[in-house]
2 protein chains.
Amino acid sequence: MSIVVVGSVAFDSIETPSGRVDHALGGAATHFALAASYFTQVRVIGVVGEDFTAANEDVLKKRGVDTSGIEHVAGKSFHWTGSYTRTLNEADTLATELNVFETFTPKIPASYCDSEFLFLANIDPKLQARVRREMPKVKMVCGDTMNYWIKDHSAALAEVLVDLDVLLINDGEAKMLAEDANLVRAAKKILGMGVKTLIVKHGEYGATVFFSERSFPGAKPEAHATPFRAPALPLAEVVDPTGAGDSFAGGFFGYLASKKGELTPGNFRKAMFYGGVMGSFAVEKFGTERTQKLTREEIDARFEQFRALSHLD
Amino acid sequence: MSIVVVGSVAFDSIETPSGRVDHALGGAATHFALAASYFTQVRVIGVVGEDFTAANEDVLKKRGVDTSGIEHVAGKSFHWTGSYTRTLNEADTLATELNVFETFTPKIPASYCDSEFLFLANIDPKLQARVRREMPKVKMVCGDTMNYWIKDHSAALAEVLVDLDVLLINDGEAKMLAEDANLVRAAKKILGMGVKTLIVKHGEYGATVFFSERSFPGAKPEAHATPFRAPALPLAEVVDPTGAGDSFAGGFFGYLASKKGELTPGNFRKAMFYGGVMGSFAVEKFGTERTQKLTREEIDARFEQFRALSHLD
């Protein structure tokens with residue numbers, strides 16, 4: 001049950017109250033792939049420059065991630081420089097050097113074509129739509145986006161949202177997309193845009209999933225009437241929030257894919273918990289350091305911590 | 001198992017995106033008393049002016065609340081004017097007319113002295129300390145405070161915090177009190193100030209309770225190692241957020257008092273849910289309108305909604 005992820009494979013230079021790191025391996029596709037790799041086979045589509053070393057690629061390979069869709073071209077890899085010294089809740093972007101990512105044209109290896117799951121990380125919605133069109137065998141598509149595409153590329157984004165299985169965005173993005181300051185009403189509007197299931201991420205407060213009647217085909221109406229809220233783990237130190245959202249997506253979609261995409265309310269709820277679990281690990285160290293070296297036992301132990309944190313009994 | 005609450009009994013003039021209301025019955029003690037009245041007997045200590053009518057007092061009496069500790073004096077009642085038109089997350093205070101509340105000197109009726117539970121609503125910590133001293137038979141004390149007392153009356157507040165059973169404050173207040181932007185570290189520092197159990201309210205994201213080794217006398221260490229996070233109900237319309245925090249406190253403490261203050265982890269968790277439940281009702285209408293006329297059946301049905309919202313199975 002492999003997932004194809006298309007998105008950025010990049011280097012991040014990050015400053016936080018805990019320290020700084022220069023040119024750490026990052027990018028949405030990287031964070032997603034590493035997190036999802038604990039649940040299922042992952043295949044990456046991306047582009048990197050000559051500065052992307054075999055050692056960088058080995059980080060993914062060691063986790064069993066298929067990197068044959070990572071195109072190597074002349075030039076430098078995408079490099080993002082950001083700071084969280086003002087607040088850990090939001091990055092201040094200091095520099096965005098798109099480099100080879102500027103002309104990224106996703107190429108899908110023939111060997112990826114039997115994948116049934118597709119994750120469209122935060123890239124140009126035109127590219128998201130194209131990859132989706134070129135993988136007609138895919139049976140479940142999850143996607144991310146951001147303010148920039150919502151504001152200035154709404155028509156292209158609208159096309160991606162139609163029949164998207166799961167959209168994962170944060171509070172601010174959901175309210176901007178729906179043009180409504182109330183989250184419940186915003187969620188209803190976004191589901192009305194064609195999104196089957198909406199996950200809104202609340203940072204340190206967890207995430208809420210809102211269902212539509214198309215979330216669980218054939219289920220009773222009450223199955224989708226109630227949203228589900230997964231907590232986040234209260235942490236005494238958030239070292240680096242970069243990639244937390246993509247790691248959430250990786251845990252969420254990785255778990256669902258491992259269940260063969262069986263869309264029951266119970267599987268969705270557990271997937272939300274696994275999303276939170278992978279997000280909580282991601283922020284404990286800089287870059288992908290923590291997510292590179294986990295065990296399924298550590299992951300499941302933390303899943304139980306999430307249960308203890310939120311369950312009455 | 002009656003609770004004595006000391007705090008403001010007031011009139012509120014409020015504007016929100018849903019409309020406006022003039023001189024609605026309000027005040028922290030009123031909101032707390034009404035919410036707690038669905039769980040246990042409540043007795044109020046407060047002061048009102050000549051504008052406080054028998055009909056106002058009947059709102060409390062109809063819920064079985066003992067109002068013999070509400071002192072009637074010459075002058076006008078406390079009147080607060082606020083607006084939530086900028087954001088529902090925070091009130092903009094337009095006018096604070098303390099009136100008779102300015103010289104409030106709590107007087108405890110002799111008939112209240114057998115109460116075992118005491119709630120110190122948000123008033124001058126010197127008055128909180130005095131009421132507590134004058135009720136030596138009380139076995140459990142919960143309290144609230146706010147930025148103003150944290151900033152400018154820290155010494156008096158520090159005395160209240162020592163051996164306080166439960167402090168209920170919001171994120172911003174917790175971080176200000178502890179002078180730490182990380183919630184987990186802030187909670188640890190506040191527990192170090194002598195507070196036995198700390199509840200941090202996150203508004204629309206729910207609330208987290210942090211335990212210390214003094215939360216559950218005689219329990220195993222693991223009982224207090226894990227915090228517990230209760231969700232808030234996602235609502236399509238928040239009509240008026242005023243009193244949500246006091247209603248949370250009323251549901252929380254009312255439930256615990258109904259369990260004779262039996263401080264087990266399970267009772268604490270359920271109390272957190274009942275806090276969220278009463279907070280969710282409070283914001284559905286202006287002032288105390290919704291909380292005046294509930295049934296225990298409605299409350300327990302919503303409790304089950306909270307469970308469905310947050311539990312895996």
# chains A, B, ... in the order shown; residues from 1 in each chain; ligands from 1

call {"tool": "calpha_fit_and_write", "arguments": {"fixed": "chain A", "moving": "chain B", "output": "mmCIF file with C-alpha atoms, in the first residue's frame"}}
result
data_model
loop_
_atom_site.group_PDB
_atom_site.id
_atom_site.type_symbol
_atom_site.label_atom_id
_atom_site.label_comp_id
_atom_site.auth_asym_id
_atom_site.auth_seq_id
_atom_site.Cartn_x
_atom_site.Cartn_y
_atom_site.Cartn_z
ATOM 1 C CA MET B 1 0.022 -0.025 0.002
ATOM 2 C CA SER B 2 2.542 2.591 -1.081
ATOM 3 C CA ILE B 3 2.128 6.368 -0.941
ATOM 4 C CA VAL B 4 3.595 8.662 -3.560
ATOM 5 C CA VAL B 5 4.475 12.112 -2.207
ATOM 6 C CA VAL B 6 5.239 15.059 -4.440
ATOM 7 C CA GLY B 7 6.798 18.157 -2.919
ATOM 8 C CA SER B 8 9.942 19.910 -1.852
ATOM 9 C CA VAL B 9 13.184 18.176 -0.937
ATOM 10 C CA ALA B 10 15.264 20.976 0.481
ATOM 11 C CA PHE B 11 17.834 22.350 2.860
ATOM 12 C CA ASP B 12 16.697 24.444 5.810
ATOM 13 C CA SER B 13 18.718 26.897 7.863
ATOM 14 C CA ILE B 14 16.793 27.452 11.054
ATOM 15 C CA GLU B 15 17.153 29.503 14.204
ATOM 16 C CA THR B 16 15.036 28.791 17.289
ATOM 17 C CA PRO B 17 15.371 29.592 21.009
ATOM 18 C CA SER B 18 17.111 26.189 21.343
ATOM 19 C CA GLY B 19 19.887 26.949 18.846
ATOM 20 C CA ARG B 20 20.489 26.995 15.126
ATOM 21 C CA VAL B 21 21.241 24.631 12.287
ATOM 22 C CA ASP B 22 22.648 25.300 8.831
ATOM 23 C CA HIS B 23 21.540 23.485 5.651
ATOM 24 C CA ALA B 24 19.736 20.687 7.478
ATOM 25 C CA LEU B 25 17.905 18.203 5.287
ATOM 26 C CA GLY B 26 14.275 19.288 5.061
ATOM 27 C CA GLY B 27 11.414 20.034 2.727
ATOM 28 C CA ALA B 28 7.789 18.971 2.967
ATOM 29 C CA ALA B 29 8.233 15.754 0.973
ATOM 30 C CA THR B 30 11.212 14.727 3.127
ATOM 31 C CA HIS B 31 9.399 15.275 6.431
ATOM 32 C CA PHE B 32 6.275 13.550 5.128
ATOM 33 C CA ALA B 33 8.193 10.575 3.691
ATOM 34 C CA LEU B 34 10.194 9.925 6.850
ATOM 35 C CA ALA B 35 7.114 10.086 9.095
ATOM 36 C CA ALA B 36 5.002 7.896 6.787
ATOM 37 C CA SER B 37 7.851 5.374 6.352
ATOM 38 C CA TYR B 38 7.096 3.884 9.793
ATOM 39 C CA PHE B 39 3.694 2.774 8.513
ATOM 40 C CA THR B 40 3.988 1.993 4.815
ATOM 41 C CA GLN B 41 6.188 2.160 1.714
ATOM 42 C CA VAL B 42 6.759 5.727 0.497
ATOM 43 C CA ARG B 43 7.899 6.983 -2.913
ATOM 44 C CA VAL B 44 9.119 10.528 -3.419
ATOM 45 C CA ILE B 45 8.819 12.868 -6.402
ATOM 46 C CA GLY B 46 10.993 15.954 -6.135
ATOM 47 C CA VAL B 47 13.962 17.794 -7.527
ATOM 48 C CA VAL B 48 17.386 18.526 -6.026
ATOM 49 C CA GLY B 49 20.594 20.218 -7.123
ATOM 50 C CA GLU B 50 24.231 19.196 -7.133
ATOM 51 C CA ASP B 51 24.575 20.036 -3.425
ATOM 52 C CA PHE B 52 22.254 17.144 -2.545
ATOM 53 C CA THR B 53 24.672 14.373 -1.621
ATOM 54 C CA ALA B 54 24.401 10.603 -1.567
ATOM 55 C CA ALA B 55 24.465 10.898 2.232
ATOM 56 C CA ASN B 56 21.366 13.117 2.076
ATOM 57 C CA GLU B 57 19.563 10.619 -0.116
ATOM 58 C CA ASP B 58 20.630 7.792 2.196
ATOM 59 C CA VAL B 59 18.612 9.365 5.008
ATOM 60 C CA LEU B 60 15.505 8.501 3.009
ATOM 61 C CA LYS B 61 16.794 5.203 1.653
ATOM 62 C CA LYS B 62 17.647 3.931 5.126
ATOM 63 C CA ARG B 63 13.974 4.311 5.987
ATOM 64 C CA GLY B 64 13.068 2.261 2.910
ATOM 65 C CA VAL B 65 11.837 5.307 1.006
ATOM 66 C CA ASP B 66 11.953 4.981 -2.782
ATOM 67 C CA THR B 67 13.945 7.952 -4.100
ATOM 68 C CA SER B 68 13.938 7.042 -7.772
ATOM 69 C CA GLY B 69 11.532 9.943 -8.384
ATOM 70 C CA ILE B 70 13.974 12.510 -7.006
ATOM 71 C CA GLU B 71 15.388 14.223 -10.063
ATOM 72 C CA HIS B 72 18.962 15.500 -9.884
ATOM 73 C CA VAL B 73 19.650 18.607 -11.967
ATOM 74 C CA ALA B 74 22.375 21.206 -12.345
ATOM 75 C CA GLY B 75 22.284 24.028 -9.801
ATOM 76 C CA LYS B 76 21.481 24.286 -6.130
ATOM 77 C CA SER B 77 18.671 22.700 -4.103
ATOM 78 C CA PHE B 78 15.807 24.686 -2.620
ATOM 79 C CA HIS B 79 17.117 26.463 0.485
ATOM 80 C CA TRP B 80 14.889 28.038 3.134
ATOM 81 C CA THR B 81 16.147 30.227 5.963
ATOM 82 C CA GLY B 82 13.801 30.893 8.845
ATOM 83 C CA SER B 83 13.645 31.961 12.456
ATOM 84 C CA TYR B 84 11.373 31.079 15.371
ATOM 85 C CA THR B 85 13.029 33.386 17.883
ATOM 86 C CA ARG B 86 10.017 35.761 17.972
ATOM 87 C CA THR B 87 7.515 32.944 18.527
ATOM 88 C CA LEU B 88 7.577 29.181 18.127
ATOM 89 C CA ASN B 89 4.058 29.317 16.693
ATOM 90 C CA GLU B 90 5.048 30.898 13.403
ATOM 91 C CA ALA B 91 8.223 31.004 11.316
ATOM 92 C CA ASP B 92 9.692 34.283 10.190
ATOM 93 C CA THR B 93 11.067 33.580 6.717
ATOM 94 C CA LEU B 94 14.433 35.264 6.271
ATOM 95 C CA ALA B 95 15.242 33.924 2.802
ATOM 96 C CA THR B 96 13.621 31.637 0.224
ATOM 97 C CA GLU B 97 16.076 30.492 -2.441
ATOM 98 C CA LEU B 98 13.955 28.355 -4.765
ATOM 99 C CA ASN B 99 16.932 27.455 -7.002
ATOM 100 C CA VAL B 100 16.169 24.220 -8.924
ATOM 101 C CA PHE B 101 12.692 24.094 -7.338
ATOM 102 C CA GLU B 102 11.642 27.193 -9.288
ATOM 103 C CA THR B 103 11.240 25.220 -12.503
ATOM 104 C CA PHE B 104 10.175 21.948 -10.860
ATOM 105 C CA THR B 105 8.259 19.768 -13.290
ATOM 106 C CA PRO B 106 7.226 16.585 -11.486
ATOM 107 C CA LYS B 107 8.130 13.430 -13.411
ATOM 108 C CA ILE B 108 6.460 10.239 -12.282
ATOM 109 C CA PRO B 109 8.616 7.112 -12.618
ATOM 110 C CA ALA B 110 6.775 4.232 -14.293
ATOM 111 C CA SER B 111 7.552 2.140 -11.220
ATOM 112 C CA TYR B 112 5.356 4.468 -9.098
ATOM 113 C CA CYS B 113 2.250 3.984 -11.184
ATOM 114 C CA ASP B 114 0.775 1.132 -9.150
ATOM 115 C CA SER B 115 0.614 3.294 -5.995
ATOM 116 C CA GLU B 116 -2.886 3.700 -4.616
ATOM 117 C CA PHE B 117 -2.173 6.681 -2.357
ATOM 118 C CA LEU B 118 -0.967 10.142 -3.262
ATOM 119 C CA PHE B 119 0.092 13.015 -1.039
ATOM 120 C CA LEU B 120 0.237 16.451 -2.655
ATOM 121 C CA ALA B 121 2.532 18.450 -0.399
ATOM 122 C CA ASN B 122 2.426 22.239 -0.432
ATOM 123 C CA ILE B 123 3.387 23.153 -4.042
ATOM 124 C CA ASP B 124 1.770 25.084 -6.905
ATOM 125 C CA PRO B 125 -1.795 23.739 -7.205
ATOM 126 C CA LYS B 126 -1.287 23.466 -10.972
ATOM 127 C CA LEU B 127 1.472 20.918 -10.352
ATOM 128 C CA GLN B 128 -0.663 19.169 -7.734
ATOM 129 C CA ALA B 129 -3.477 18.834 -10.286
ATOM 130 C CA ARG B 130 -1.104 17.552 -12.956
ATOM 131 C CA VAL B 131 0.423 14.813 -10.808
ATOM 132 C CA ARG B 132 -3.033 13.716 -9.796
ATOM 133 C CA ARG B 133 -4.203 13.535 -13.428
ATOM 134 C CA GLU B 134 -1.150 11.511 -14.352
ATOM 135 C CA MET B 135 -1.821 8.921 -11.666
ATOM 136 C CA PRO B 136 -5.343 7.759 -12.501
ATOM 137 C CA LYS B 137 -4.995 4.511 -10.529
ATOM 138 C CA VAL B 138 -4.658 6.348 -7.228
ATOM 139 C CA LYS B 139 -7.662 5.752 -5.005
ATOM 140 C CA MET B 140 -6.986 8.230 -2.207
ATOM 141 C CA VAL B 141 -5.448 11.692 -2.445
ATOM 142 C CA CYS B 142 -4.520 13.922 0.486
ATOM 143 C CA GLY B 143 -3.181 17.421 0.088
ATOM 144 C CA ASP B 144 -1.744 20.463 1.789
ATOM 145 C CA THR B 145 -1.626 24.098 0.713
ATOM 146 C CA MET B 146 -0.750 27.488 2.184
ATOM 147 C CA ASN B 147 -1.777 31.147 2.364
ATOM 148 C CA TYR B 148 0.134 32.088 -0.785
ATOM 149 C CA TRP B 149 -1.852 29.693 -3.004
ATOM 150 C CA ILE B 150 -5.145 30.479 -1.239
ATOM 151 C CA LYS B 151 -4.714 34.212 -1.796
ATOM 152 C CA ASP B 152 -3.192 34.461 -5.246
ATOM 153 C CA HIS B 153 -3.949 31.148 -6.994
ATOM 154 C CA SER B 154 -7.479 30.440 -5.830
ATOM 155 C CA ALA B 155 -8.809 29.257 -9.199
ATOM 156 C CA ALA B 156 -6.073 26.645 -9.599
ATOM 157 C CA LEU B 157 -6.482 25.604 -5.981
ATOM 158 C CA ALA B 158 -10.256 25.241 -6.381
ATOM 159 C CA GLU B 159 -9.646 22.585 -9.033
ATOM 160 C CA VAL B 160 -7.446 20.593 -6.664
ATOM 161 C CA LEU B 161 -10.036 20.740 -3.877
ATOM 162 C CA VAL B 162 -12.784 19.083 -5.942
ATOM 163 C CA ASP B 163 -12.972 15.444 -4.846
ATOM 164 C CA LEU B 164 -9.816 15.745 -2.742
ATOM 165 C CA ASP B 165 -10.077 12.999 -0.147
ATOM 166 C CA VAL B 166 -8.397 14.886 2.700
ATOM 167 C CA LEU B 167 -7.187 18.474 2.904
ATOM 168 C CA LEU B 168 -4.798 19.266 5.775
ATOM 169 C CA ILE B 169 -4.394 22.954 6.627
ATOM 170 C CA ASN B 170 -4.061 25.099 9.741
ATOM 171 C CA ASP B 171 -6.613 27.374 11.430
ATOM 172 C CA GLY B 172 -5.518 30.547 9.689
ATOM 173 C CA GLU B 173 -5.496 28.888 6.276
ATOM 174 C CA ALA B 174 -8.941 27.356 6.808
ATOM 175 C CA LYS B 175 -10.434 30.690 7.820
ATOM 176 C CA MET B 176 -8.757 32.442 4.884
ATOM 177 C CA LEU B 177 -9.869 29.798 2.382
ATOM 178 C CA ALA B 178 -13.485 29.943 3.591
ATOM 179 C CA GLU B 179 -13.447 33.676 4.334
ATOM 180 C CA ASP B 180 -15.085 32.926 7.680
ATOM 181 C CA ALA B 181 -13.600 33.534 11.138
ATOM 182 C CA ASN B 182 -15.632 30.713 12.724
ATOM 183 C CA LEU B 183 -13.940 27.345 12.339
ATOM 184 C CA VAL B 184 -17.093 25.229 12.178
ATOM 185 C CA ARG B 185 -18.652 27.395 9.489
ATOM 186 C CA ALA B 186 -15.316 27.599 7.651
ATOM 187 C CA ALA B 187 -15.061 23.802 7.698
ATOM 188 C CA LYS B 188 -18.564 23.457 6.278
ATOM 189 C CA LYS B 189 -17.733 25.842 3.450
ATOM 190 C CA ILE B 190 -14.512 24.006 2.600
ATOM 191 C CA LEU B 191 -16.329 20.668 2.543
ATOM 192 C CA GLY B 192 -18.764 22.406 0.189
ATOM 193 C CA MET B 193 -15.857 23.122 -2.174
ATOM 194 C CA GLY B 194 -15.561 19.405 -2.856
ATOM 195 C CA VAL B 195 -13.140 18.323 -0.113
ATOM 196 C CA LYS B 196 -14.394 15.059 1.340
ATOM 197 C CA THR B 197 -12.651 15.336 4.729
ATOM 198 C CA LEU B 198 -10.962 18.362 6.263
ATOM 199 C CA ILE B 199 -8.245 18.332 8.906
ATOM 200 C CA VAL B 200 -7.529 21.629 10.615
ATOM 201 C CA LYS B 201 -4.267 21.726 12.558
ATOM 202 C CA HIS B 202 -4.133 23.846 15.735
ATOM 203 C CA GLY B 203 -0.397 23.681 16.463
ATOM 204 C CA GLU B 204 0.200 23.012 20.169
ATOM 205 C CA TYR B 205 -3.542 22.400 20.694
ATOM 206 C CA GLY B 206 -3.819 19.437 18.339
ATOM 207 C CA ALA B 207 -6.019 19.060 15.289
ATOM 208 C CA THR B 208 -9.686 18.621 14.393
ATOM 209 C CA VAL B 209 -11.073 16.519 11.570
ATOM 210 C CA PHE B 210 -14.395 17.546 10.020
ATOM 211 C CA PHE B 211 -16.237 14.926 8.020
ATOM 212 C CA SER B 212 -18.718 15.140 5.165
ATOM 213 C CA GLU B 213 -21.257 12.571 3.998
ATOM 214 C CA ARG B 214 -18.570 11.483 1.513
ATOM 215 C CA SER B 215 -15.958 10.709 4.209
ATOM 216 C CA PHE B 216 -17.304 7.243 4.963
ATOM 217 C CA PRO B 217 -19.050 5.813 1.936
ATOM 218 C CA GLY B 218 -22.140 3.904 3.036
ATOM 219 C CA ALA B 219 -21.924 4.867 6.709
ATOM 220 C CA LYS B 220 -24.797 6.126 8.827
ATOM 221 C CA PRO B 221 -25.301 9.920 8.953
ATOM 222 C CA GLU B 222 -24.173 10.127 12.597
ATOM 223 C CA ALA B 223 -20.748 8.821 11.585
ATOM 224 C CA HIS B 224 -19.874 12.098 9.911
ATOM 225 C CA ALA B 225 -21.929 14.478 12.048
ATOM 226 C CA THR B 226 -19.371 14.611 14.872
ATOM 227 C CA PRO B 227 -15.915 16.028 14.264
ATOM 228 C CA PHE B 228 -12.974 14.477 16.103
ATOM 229 C CA ARG B 229 -10.307 16.367 17.955
ATOM 230 C CA ALA B 230 -6.883 14.839 18.602
ATOM 231 C CA PRO B 231 -4.663 16.487 21.204
ATOM 232 C CA ALA B 232 -1.053 17.515 20.759
ATOM 233 C CA LEU B 233 1.473 16.433 23.361
ATOM 234 C CA PRO B 234 2.388 19.211 25.799
ATOM 235 C CA LEU B 235 6.187 19.436 25.484
ATOM 236 C CA ALA B 236 8.589 21.223 27.825
ATOM 237 C CA GLU B 237 10.818 22.098 24.882
ATOM 238 C CA VAL B 238 9.957 22.556 21.231
ATOM 239 C CA VAL B 239 13.400 22.567 19.611
ATOM 240 C CA ASP B 240 12.315 23.161 16.012
ATOM 241 C CA PRO B 241 8.716 23.317 14.742
ATOM 242 C CA THR B 242 9.778 23.003 11.074
ATOM 243 C CA GLY B 243 8.116 20.027 9.410
ATOM 244 C CA ALA B 244 5.646 19.332 12.211
ATOM 245 C CA GLY B 245 2.676 19.690 9.855
ATOM 246 C CA ASP B 246 4.217 17.454 7.186
ATOM 247 C CA SER B 247 5.134 14.892 9.835
ATOM 248 C CA PHE B 248 1.524 15.006 11.059
ATOM 249 C CA ALA B 249 0.381 14.359 7.490
ATOM 250 C CA GLY B 250 2.886 11.502 7.187
ATOM 251 C CA GLY B 251 1.694 9.794 10.356
ATOM 252 C CA PHE B 252 -1.946 10.340 9.437
ATOM 253 C CA PHE B 253 -1.793 9.178 5.831
ATOM 254 C CA GLY B 254 0.830 6.503 6.505
ATOM 255 C CA TYR B 255 -1.469 4.882 9.048
ATOM 256 C CA LEU B 256 -4.526 5.070 6.779
ATOM 257 C CA ALA B 257 -2.541 3.594 3.883
ATOM 258 C CA SER B 258 -1.366 0.752 6.135
ATOM 259 C CA LYS B 259 -5.055 0.008 6.721
ATOM 260 C CA LYS B 260 -5.439 -0.199 2.924
ATOM 261 C CA GLY B 261 -7.304 3.116 2.985
ATOM 262 C CA GLU B 262 -10.221 1.526 4.784
ATOM 263 C CA LEU B 263 -12.129 4.674 5.680
ATOM 264 C CA THR B 264 -13.902 3.812 8.908
ATOM 265 C CA PRO B 265 -14.446 6.390 11.657
ATOM 266 C CA GLY B 266 -12.201 4.309 13.930
ATOM 267 C CA ASN B 267 -9.315 4.266 11.450
ATOM 268 C CA PHE B 268 -9.641 8.007 10.871
ATOM 269 C CA ARG B 269 -9.480 8.662 14.614
ATOM 270 C CA LYS B 270 -6.408 6.507 15.086
ATOM 271 C CA ALA B 271 -4.809 8.152 12.056
ATOM 272 C CA MET B 272 -5.374 11.554 13.691
ATOM 273 C CA PHE B 273 -3.580 10.312 16.801
ATOM 274 C CA TYR B 274 -0.668 8.936 14.745
ATOM 275 C CA GLY B 275 -0.494 12.304 12.999
ATOM 276 C CA GLY B 276 -0.149 14.029 16.348
ATOM 277 C CA VAL B 277 2.392 11.458 17.486
ATOM 278 C CA MET B 278 4.660 12.001 14.475
ATOM 279 C CA GLY B 279 4.288 15.777 14.793
ATOM 280 C CA SER B 280 5.308 15.591 18.453
ATOM 281 C CA PHE B 281 8.491 13.659 17.605
ATOM 282 C CA ALA B 282 9.394 15.976 14.731
ATOM 283 C CA VAL B 283 9.715 19.073 16.925
ATOM 284 C CA GLU B 284 11.945 17.444 19.542
ATOM 285 C CA LYS B 285 15.131 17.940 17.493
ATOM 286 C CA PHE B 286 16.293 20.091 14.595
ATOM 287 C CA GLY B 287 15.325 19.160 11.051
ATOM 288 C CA THR B 288 14.604 15.480 10.482
ATOM 289 C CA GLU B 289 16.989 14.272 13.185
ATOM 290 C CA ARG B 290 14.355 12.780 15.478
ATOM 291 C CA THR B 291 12.164 11.329 12.739
ATOM 292 C CA GLN B 292 15.086 9.560 11.112
ATOM 293 C CA LYS B 293 15.664 7.237 14.033
ATOM 294 C CA LEU B 294 12.466 6.091 15.648
ATOM 295 C CA THR B 295 11.120 2.636 16.302
ATOM 296 C CA ARG B 296 7.549 1.509 15.898
ATOM 297 C CA GLU B 297 7.645 0.698 19.628
ATOM 298 C CA GLU B 298 8.452 4.318 20.502
ATOM 299 C CA ILE B 299 5.683 5.463 18.190
ATOM 300 C CA ASP B 300 3.102 3.153 19.723
ATOM 301 C CA ALA B 301 4.199 4.064 23.261
ATOM 302 C CA ARG B 302 3.589 7.702 22.438
ATOM 303 C CA PHE B 303 0.242 6.796 20.891
ATOM 304 C CA GLU B 304 -0.707 5.441 24.321
ATOM 305 C CA GLN B 305 0.492 8.713 25.886
ATOM 306 C CA PHE B 306 -1.941 10.525 23.607
ATOM 307 C CA ARG B 307 -4.707 8.241 24.780
ATOM 308 C CA ALA B 308 -3.822 8.844 28.442
ATOM 309 C CA LEU B 309 -3.776 12.570 27.749
ATOM 310 C CA SER B 310 -7.280 12.682 26.339
ATOM 311 C CA HIS B 311 -9.356 9.723 27.491
ATOM 312 C CA LEU B 312 -11.587 9.605 30.531
ATOM 313 C CA ASP B 313 -10.735 6.033 31.479
#

call {"tool": "select_by_dssp", "arguments": {"residues": "stretch 7-191 of chain A", "states": "strand (DSSP E or B)", "output": "PyMOL selection string"}}
result
chain A and resi 10-16+19-26+42-48+66-72+78-83+92-97+117-120+140-144+166-170

call {"tool": "select_by_dssp", "arguments": {"residues": "stretch 160-271 of chain B", "states": "helix (DSSP H, G or I)", "output": "ChimeraX atom specification"}}
result
/B:160-161,171-178,183-192,203-205,222-225,244-258,265-271
